[in-house]
Amino acid sequence: MAKACPVNFRKINENQIRIQALLITLIAVVFVGTKWSPIPFLLLYDFTVRLFISPKLSPLVHIAIGVLKFFAIKKLLIDSGPKLFASKIGFVFALIIVVSVVLGLSDVATIFAIILAVCAGLEALFNYCIGCKFYQILRHFNII
């Protein structure tokens with residue numbers, strides 16, 4: 001989302017983010033289709049390490065970088081603020097899915113997994129980031 005004001009003046013590769021979003025979409029869809037309980041833990045792990053520890057520990061980052069290199073996809077640098085905000089929303093969704101699975105609330109887990117898959121899918125396929133839109137709205141009203 002190049003239109004958003006920079007917050008941390010750190011640039012990230014939008015193409016890498018879109019590949020990661022595609023992977024998140026696929027993982028969430030597999031969970032919805034199979035209800036296999038370890039899947040949400042993978043998503044939560046990936047969001048957690050990517051956001052709070054080090055992206056170097058994220059399997060999805062490694063896969064995305066490999067895809068970029070294999071297909072020689074050029075970098076498209078954008079400000080990281082909106083994408084970081086969107087990832088934090090993804091983390092919250094993954095956390096809700098995991099808690100729902102642990103508590104046996106499979107319908108709640110499925111609903112949140114579908115929402116996560118739709119949001120990540122829009123990013124991956126159409127470069128439309130719903131979390132980034134919320135980010136822009138919150139920035140407009142000086143909430144963040």
# chains A, B, ... in the order shown; residues from 1 in each chain; ligands from 1
>>> closest_atom_pairs(of="segment 33-71 of chain A", to="segment 98-117 of chain A", cutoff="8 Å", atoms="only C-alpha atoms", output="CSV")
residue,atom,partner,partner_atom,distance
A:Lys35,CA,A:Ser106,CA,7.8
A:Ser37,CA,A:Val101,CA,6.6
A:Pro40,CA,A:Val98,CA,5.5
A:Phe41,CA,A:Val98,CA,6.2
A:Leu44,CA,A:Val98,CA,7.4
>>> residues_around(residues="segment 120-132 of chain A", least_positions_apart="3", cutoff="8 Å", atoms="only C-alpha atoms", output="PDB file with C-alpha atoms, in the first residue's frame")
ATOM      1  CA  MET A   1       0.000   0.000   0.000  1.00  0.00           C
ATOM      2  CA  ILE A  17       4.388 -10.784   1.030  1.00  0.00           C
ATOM      3  CA  ARG A  18       1.976 -11.879  -1.698  1.00  0.00           C
ATOM      4  CA  ILE A  19       3.606 -15.319  -1.947  1.00  0.00           C
ATOM      5  CA  GLN A  20       3.408 -15.688   1.844  1.00  0.00           C
ATOM      6  CA  ALA A  21      -0.256 -14.673   1.647  1.00  0.00           C
ATOM      7  CA  LEU A  22      -0.841 -17.370  -0.970  1.00  0.00           C
ATOM      8  CA  ILE A  24      -1.398 -18.761   4.252  1.00  0.00           C
ATOM      9  CA  THR A  25      -4.468 -19.037   2.022  1.00  0.00           C
ATOM     10  CA  PRO A  82       0.494  -1.431   6.571  1.00  0.00           C
ATOM     11  CA  LYS A  83       1.688  -4.980   5.888  1.00  0.00           C
ATOM     12  CA  PHE A  85      -0.374  -4.194  10.763  1.00  0.00           C
ATOM     13  CA  ALA A  86      -2.142  -6.710   8.505  1.00  0.00           C
ATOM     14  CA  SER A  87       0.189  -9.473   9.733  1.00  0.00           C
ATOM     15  CA  ILE A  89      -4.370  -9.074  12.432  1.00  0.00           C
ATOM     16  CA  LEU A 116      -8.205 -15.524   7.124  1.00  0.00           C
ATOM     17  CA  ALA A 117      -8.148 -17.458   3.836  1.00  0.00           C
ATOM     18  CA  TYR A 135      -4.554   0.543   8.673  1.00  0.00           C
ATOM     19  CA  GLN A 136      -5.196   3.514   6.373  1.00  0.00           C
TER      20      GLN A 136
END
>>> select_by_dssp(residues="segment 2-140 of chain A", states="strand (DSSP E or B)", output="list in words")
Lys11, Ile12, Asn13, Leu77, Ile78 and Asp79 of chain A
>>> residues_around(residues="Lys88 of chain A", least_positions_apart="4", cutoff="10 Å", atoms="only C-alpha atoms", output="list in words")
Phe47, Thr48, Arg50, Leu51, Phe52, Pro82, Lys83, Leu84, Val92, Phe93, Ala94 and Gly131 of chain A
>>> write_last_selection(atoms="C-alpha atoms", output="tab-separated table (two decimals), in the first residue's frame")
chain	number	residue	atom	x	y	z
A	47	PHE	CA	2.97	-15.48	12.47
A	48	THR	CA	4.58	-15.47	15.92
A	50	ARG	CA	7.76	-13.64	11.81
A	51	LEU	CA	6.32	-10.81	13.89
A	52	PHE	CA	7.92	-11.14	17.31
A	82	PRO	CA	0.49	-1.43	6.57
A	83	LYS	CA	1.69	-4.98	5.89
A	84	LEU	CA	3.00	-5.33	9.44
A	92	VAL	CA	-4.81	-12.58	16.10
A	93	PHE	CA	-6.90	-14.69	13.72
A	94	ALA	CA	-4.44	-17.58	13.95
A	131	GLY	CA	-5.72	-5.21	6.84
>>> closest_residue(among="A:Tyr45, A:Phe9, A:Ile39, A:Gly81", to="Leu26 of chain A", atoms="only C-alpha atoms")
A:Ile39
>>> atom_distance(atom1="atom CA of Phe71 of chain A", atom2="atom CA of Asp46 of chain A")
23.3 Å
>>> residues_around(residues="segment 67-70 of chain A", least_positions_apart="3", cutoff="9 Å", atoms="only C-alpha atoms", output="PyMOL selection string")
chain A and resi 15-16+19+62-64+73-75
>>> write_last_selection(atoms="C-alpha atoms", output="tab-separated table (two decimals), in the first residue's frame")
chain	number	residue	atom	x	y	z
A	15	ASN	CA	6.04	-9.83	-4.01
A	16	GLN	CA	7.36	-11.87	-1.08
A	19	ILE	CA	3.61	-15.32	-1.95
A	62	HIS	CA	11.87	-19.33	3.43
A	63	ILE	CA	9.42	-20.83	0.93
A	64	ALA	CA	8.48	-17.40	-0.43
A	73	ILE	CA	10.78	-12.37	-9.53
A	74	LYS	CA	12.02	-8.82	-9.02
A	75	LYS	CA	11.72	-7.00	-5.73
>>> atom_distance(atom1="atom CA of Val29 of chain A", atom2="atom CA of Val118 of chain A")
9.3 Å
